[in-house]
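Source file: my_file-v5.txt; contents: compact mmCIF, C-alpha atoms.
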# COMPACT_ATOMS: atom_id res chain seq x y z
CA MET A 1 16.56 0.28 19.20
CA ARG A 2 14.33 3.13 20.28
CA VAL A 3 14.28 5.76 17.55
CA SER A 4 14.84 9.14 19.17
CA GLY A 5 17.42 11.90 19.29
CA GLU A 6 20.69 10.88 17.62
CA ASN A 7 19.22 7.51 16.59
CA ALA A 8 16.43 9.27 14.70
CA ASP A 9 18.90 11.57 12.94
CA SER A 10 21.11 8.63 11.99
CA LEU A 11 18.12 6.62 10.74
CA TYR A 12 16.91 9.62 8.74
CA GLN A 13 20.25 9.94 6.97
CA ASP A 14 20.62 6.19 6.40
CA TYR A 15 17.16 5.85 4.93
CA ARG A 16 17.45 9.01 2.83
CA GLN A 17 20.56 7.57 1.19
CA ARG A 18 18.69 4.32 0.55
CA TYR A 19 15.66 6.21 -0.75
CA GLU A 20 17.57 8.39 -3.19
CA ASN A 21 20.04 5.82 -4.51
CA VAL A 22 17.96 2.65 -4.69
CA LEU A 23 14.33 2.79 -3.58
CA SER A 24 13.15 5.54 -5.95
CA PRO A 25 14.55 3.96 -9.13
CA LEU A 26 13.54 0.52 -7.86
CA ALA A 27 9.91 1.66 -7.54
CA CYS A 28 9.89 2.66 -11.22
CA SER A 29 11.46 -0.64 -12.25
CA LEU A 30 8.98 -2.64 -10.18
CA ARG A 31 6.01 -0.68 -11.52
CA ASP A 32 7.01 -1.50 -15.09
CA HIS A 33 7.56 -5.15 -14.17
CA VAL A 34 4.12 -5.53 -12.58
CA ALA A 35 2.47 -3.70 -15.49
CA ASN A 36 4.14 -6.13 -17.91
CA VAL A 37 2.95 -9.10 -15.88
CA LEU A 38 -0.61 -7.72 -16.07
CA ASP A 39 -0.46 -6.95 -19.78
CA GLY A 40 -3.66 -8.20 -21.39
CA GLN A 41 -5.67 -8.34 -18.17
CA GLU A 42 -9.01 -6.56 -18.39
CA ARG A 43 -10.33 -3.56 -16.47
CA ILE A 44 -7.07 -2.27 -15.01
CA ASP A 45 -7.15 1.48 -14.60
CA ARG A 46 -3.48 1.87 -13.71
CA VAL A 47 -0.47 0.45 -11.89
CA VAL A 48 1.39 2.86 -9.61
CA ALA A 49 4.42 2.45 -7.36
CA ARG A 50 6.23 4.54 -4.81
CA ALA A 51 9.14 4.39 -2.43
CA LYS A 52 8.11 5.25 1.13
CA ASP A 53 9.24 8.81 1.73
CA VAL A 54 11.82 9.55 4.39
CA ASN A 55 9.57 11.33 6.90
CA SER A 56 6.90 8.62 6.70
CA PHE A 57 9.52 5.92 7.22
CA VAL A 58 11.02 7.59 10.29
CA ALA A 59 7.54 8.21 11.74
CA LYS A 60 6.70 4.53 11.32
CA ALA A 61 10.04 3.52 12.84
CA LYS A 62 9.14 5.51 15.98
CA ILE A 63 5.95 3.54 16.67
CA MET A 64 5.89 2.06 20.17
CA VAL A 65 3.69 -0.80 21.41
CA ASN A 66 3.33 -1.03 25.19
CA GLY A 67 6.50 1.02 25.60
CA ILE A 68 8.51 -1.24 23.27
CA PRO A 69 9.58 -0.33 19.72
CA LYS A 70 7.42 -2.10 17.18
CA TYR A 71 10.38 -2.21 14.79
CA PRO A 72 13.65 -2.72 16.71
CA GLU A 73 15.48 -2.92 13.35
CA PRO A 74 13.37 -0.67 11.09
CA LEU A 75 15.59 -0.80 8.01
CA SER A 76 15.10 -4.56 7.77
CA GLN A 77 11.68 -4.95 9.44
CA ILE A 78 9.51 -2.30 7.78
CA GLN A 79 8.11 -4.14 4.77
CA ASP A 80 6.49 -1.35 2.76
CA GLN A 81 9.61 0.60 1.79
CA ILE A 82 8.43 -0.12 -1.75
CA GLY A 83 4.71 -0.18 -2.47
CA VAL A 84 2.83 -1.07 -5.65
CA ARG A 85 -0.89 -0.49 -6.18
CA ILE A 86 -3.06 -2.06 -8.85
CA ILE A 87 -6.24 -0.06 -9.40
CA THR A 88 -9.11 -1.88 -11.07
CA PHE A 89 -12.76 -1.23 -11.82
CA TYR A 90 -14.89 -3.62 -9.78
CA LEU A 91 -14.74 -5.67 -6.58
CA ASP A 92 -14.98 -8.83 -8.67
CA ASP A 93 -11.75 -7.80 -10.40
CA VAL A 94 -9.86 -7.57 -7.10
CA GLU A 95 -10.10 -11.31 -6.41
CA ARG A 96 -9.46 -12.19 -10.05
CA LEU A 97 -6.27 -10.12 -10.15
CA ALA A 98 -5.15 -11.39 -6.74
CA LYS A 99 -5.22 -14.98 -8.01
CA TYR A 100 -3.39 -13.94 -11.16
CA ILE A 101 -0.65 -12.08 -9.26
CA LEU A 102 0.04 -15.12 -7.07
CA GLU A 103 0.92 -17.09 -10.19
CA TYR A 104 3.91 -14.78 -10.73
CA PHE A 105 5.04 -13.64 -7.27
CA CYS A 106 5.93 -15.44 -4.07
CA PRO A 107 3.69 -14.33 -1.17
CA ILE A 108 4.99 -13.80 2.36
CA GLU A 109 1.75 -12.38 3.76
CA GLU A 110 -1.79 -11.73 2.55
CA ARG A 111 -4.39 -9.61 4.30
CA ASP A 112 -7.81 -8.16 3.59
CA HIS A 113 -8.06 -4.77 5.32
CA ILE A 114 -11.57 -4.15 6.59
CA PRO A 115 -12.93 -2.23 9.60
CA GLU A 116 -13.22 -4.33 12.77
CA SER A 117 -17.00 -3.97 13.08
CA GLU A 118 -19.68 -4.44 10.43
CA TRP A 119 -21.11 -1.14 11.72
CA GLU A 120 -17.94 0.72 10.79
CA PHE A 121 -16.73 2.14 7.49
CA GLY A 122 -13.17 3.14 6.74
CA TYR A 123 -10.20 1.69 4.94
CA PHE A 124 -10.76 -1.29 2.64
CA GLY A 125 -8.17 -3.04 0.50
CA LYS A 126 -6.37 -6.25 -0.33
CA HIS A 127 -2.69 -6.24 0.65
CA PHE A 128 0.18 -8.62 -0.04
CA ILE A 129 3.77 -8.75 1.10
CA LEU A 130 5.65 -10.36 -1.79
CA LEU A 131 9.25 -11.33 -2.39
CA LEU A 132 11.01 -8.77 -4.57
CA PRO A 133 11.89 -10.32 -7.96
CA ARG A 134 15.61 -10.15 -8.56
CA ASP A 135 15.27 -9.13 -12.19
CA VAL A 136 14.05 -5.65 -11.21
CA VAL A 137 17.29 -4.96 -9.33
CA ASP A 138 20.17 -3.11 -10.99
CA MET A 139 23.38 -4.96 -10.16
CA GLN A 140 25.15 -1.62 -9.70
CA TRP A 141 22.98 -0.73 -6.72
CA ASN A 142 24.23 -1.27 -3.18
CA LYS A 143 22.70 -4.66 -2.35
CA ASN A 144 22.39 -3.66 1.32
CA PHE A 145 19.89 -0.98 0.28
CA VAL A 146 17.67 -3.39 -1.66
CA PRO A 147 14.67 -4.64 0.39
CA ARG A 148 13.82 -8.34 0.39
CA VAL A 149 10.09 -7.75 -0.01
CA PHE A 150 7.57 -5.18 -1.22
CA GLU A 151 3.94 -4.40 -0.50
CA LEU A 152 1.32 -4.81 -3.20
CA GLN A 153 -2.23 -3.50 -2.89
CA ILE A 154 -5.17 -4.22 -5.15
CA LYS A 155 -7.99 -1.68 -4.95
CA THR A 156 -11.04 -0.56 -6.84
CA LEU A 157 -11.24 3.01 -8.09
CA PHE A 158 -13.51 3.93 -5.17
CA GLN A 159 -11.24 2.29 -2.59
CA HIS A 160 -8.23 4.07 -4.07
CA ALA A 161 -9.89 7.47 -4.14
CA TRP A 162 -11.15 7.19 -0.57
CA ALA A 163 -7.80 5.90 0.76
CA GLU A 164 -5.85 8.76 -0.84
CA ALA A 165 -8.21 11.50 0.32
CA GLY A 166 -8.81 9.95 3.74
CA HIS A 167 -5.10 9.60 4.42
CA ASP A 168 -4.39 13.14 3.34
CA LEU A 169 -7.20 14.58 5.48
CA GLY A 170 -6.72 12.61 8.63
CA TYR A 171 -3.46 10.76 8.97
CA LYS A 172 -0.53 12.64 7.54
CA PRO A 173 2.10 13.78 10.07
CA GLY A 174 1.51 17.32 11.28
CA LYS A 175 -2.23 17.27 10.68
CA ARG A 176 -4.48 18.27 13.60
CA PRO A 177 -6.53 15.40 15.05
CA LEU A 178 -9.98 15.00 13.57
CA THR A 179 -12.92 16.09 15.67
CA ALA A 180 -15.71 13.60 16.42
CA GLU A 181 -17.91 15.29 13.82
CA GLN A 182 -15.16 15.16 11.20
CA LYS A 183 -14.63 11.45 11.89
CA ARG A 184 -18.34 10.87 11.30
CA GLU A 185 -18.14 12.82 8.03
CA LEU A 186 -15.14 10.75 6.93
CA ALA A 187 -16.97 7.54 7.84
CA PHE A 188 -19.98 8.75 5.85
CA THR A 189 -17.89 9.24 2.72
CA SER A 190 -16.39 5.78 3.21
CA ALA A 191 -19.88 4.28 3.47
CA GLN A 192 -20.84 6.00 0.22
CA ALA A 193 -17.73 4.66 -1.54
CA TRP A 194 -18.44 1.17 -0.15
CA GLY A 195 -22.02 1.35 -1.42
CA ALA A 196 -20.98 2.59 -4.86
CA ASP A 197 -18.43 -0.24 -5.14
CA HIS A 198 -21.06 -2.87 -4.38
CA ILE A 199 -23.68 -1.41 -6.70
CA PHE A 200 -21.25 -1.11 -9.61
CA ASP A 201 -20.00 -4.64 -8.97
CA LYS A 202 -23.59 -5.97 -8.87
CA LEU A 203 -24.46 -4.21 -12.12
CA PHE A 204 -21.28 -5.48 -13.76
CA ARG A 205 -22.01 -9.10 -12.82
CA GLU A 206 -25.64 -8.79 -13.93
CA ARG A 207 -24.63 -7.29 -17.27
CA ALA A 208 -21.85 -9.86 -17.77
CA GLY A 209 -24.34 -12.65 -17.07
CA SER A 210 -26.79 -11.29 -19.63
CA ALA A 211 -24.20 -10.85 -22.36
Could you write out this file's structure as structure tokens?
Amino acid sequence: MRVSGENADSLYQDYRQRYENVLSPLACSLRDHVANVLDGQERIDRVVARAKDVNSFVAKAKIMVNGIPKYPEPLSQIQDQIGVRIITFYLDDVERLAKYILEYFCPIEERDHIPESEWEFGYFGKHFILLLPRDVVDMQWNKNFVPRVFELQIKTLFQHAWAEAGHDLGYKPGKRPLTAEQKRELAFTSAQAWGADHIFDKLFRERAGSA
């Protein structure tokens, strides 16, 4: 299904109904569930969750690859309708928490997001697609609106800050394309965040080893 014209309007209305009636309260329920699972784990700054907003969902549903829709059935194929983010202090904590999470959730997909070249700086993060636990679902909700999976990200404070600002500056719908100079400036800030992450992680491990 190519999302355009009447299809786009229909998809917008269908997803908005799903978003308002199920996804928004589900995000809150899932956030609390993940926070409870992590109770007692060290160096967690916060756990946040969100339902993918309607405009972002429709924009993603319109993506074409070689003239073919990437998501022929977007309501069932787009996997990040619900997203949870665990924000922790150090890079060492990311792997520790990833192993811990996999003891409680069933993974469908795992991916480390890094730039393609070692000479590039940009988005970094650890992402999972996990099965949605049934105990976060209110039985009164329309079961057809409940996604089968959700996306979970684990990020350091620096990765989180850069991802939020970088997305807002360069990738939100309606924003003007970045100039070459602005892209370099954005890459420079990413390099600084990458460097700060590694230095803080190094210092943490050195201090932990000397304790």
Which one of A:Ile63, A:Leu91, A:Ile68, A:Ile78 sits closest to Leu157 of chain A if you count all atoms listed in the file?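 Among the listed residues, the smallest separation from Leu157 of chain A belongs to A:Leu91.
Distances to Ile44 of chain A were evaluated for A:Ser24, A:Thr156, A:Ser56, A:Gln13 using only C-alpha atoms, and the minimum falls at A:Thr156.
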Excluding same-chain residues fewer than 3 positions from Pro107 of chain A, what lies within 8 Å of it counting all atoms listed in the file, as a list in words?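 The contact residues come out as Leu102, Glu110, Phe128, Ile129, Leu130 and Leu131 of chain A.
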Suppose you want the space between atom CA of Thr88 of chain A and atom CA of Arg43 of chain A; what is it in Å?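 Interatomic distance, atom CA of Thr88 of chain A to atom CA of Arg43 of chain A: 5.8 Å.
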Residue with smallest distance to Leu186 of chain A - pool A:Trp162, A:Phe200, A:Asp45, A:Arg111, counting only C-alpha atoms: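 For Leu186 of chain A, the nearest of the given residues is A:Trp162.
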Have a look at A:Leu75, A:Leu38, A:Val54, A:Val48 and name the one nearest to Phe145 of chain A; count all atoms listed in the file. A:Leu75
Kindly indicate which residue among A:Phe89, A:Phe150, A:Tyr100, A:Trp141 lies nearest to Asp201 of chain A, using all atoms listed in the file for the distances.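 For Asp201 of chain A, the nearest of the given residues is A:Phe89.
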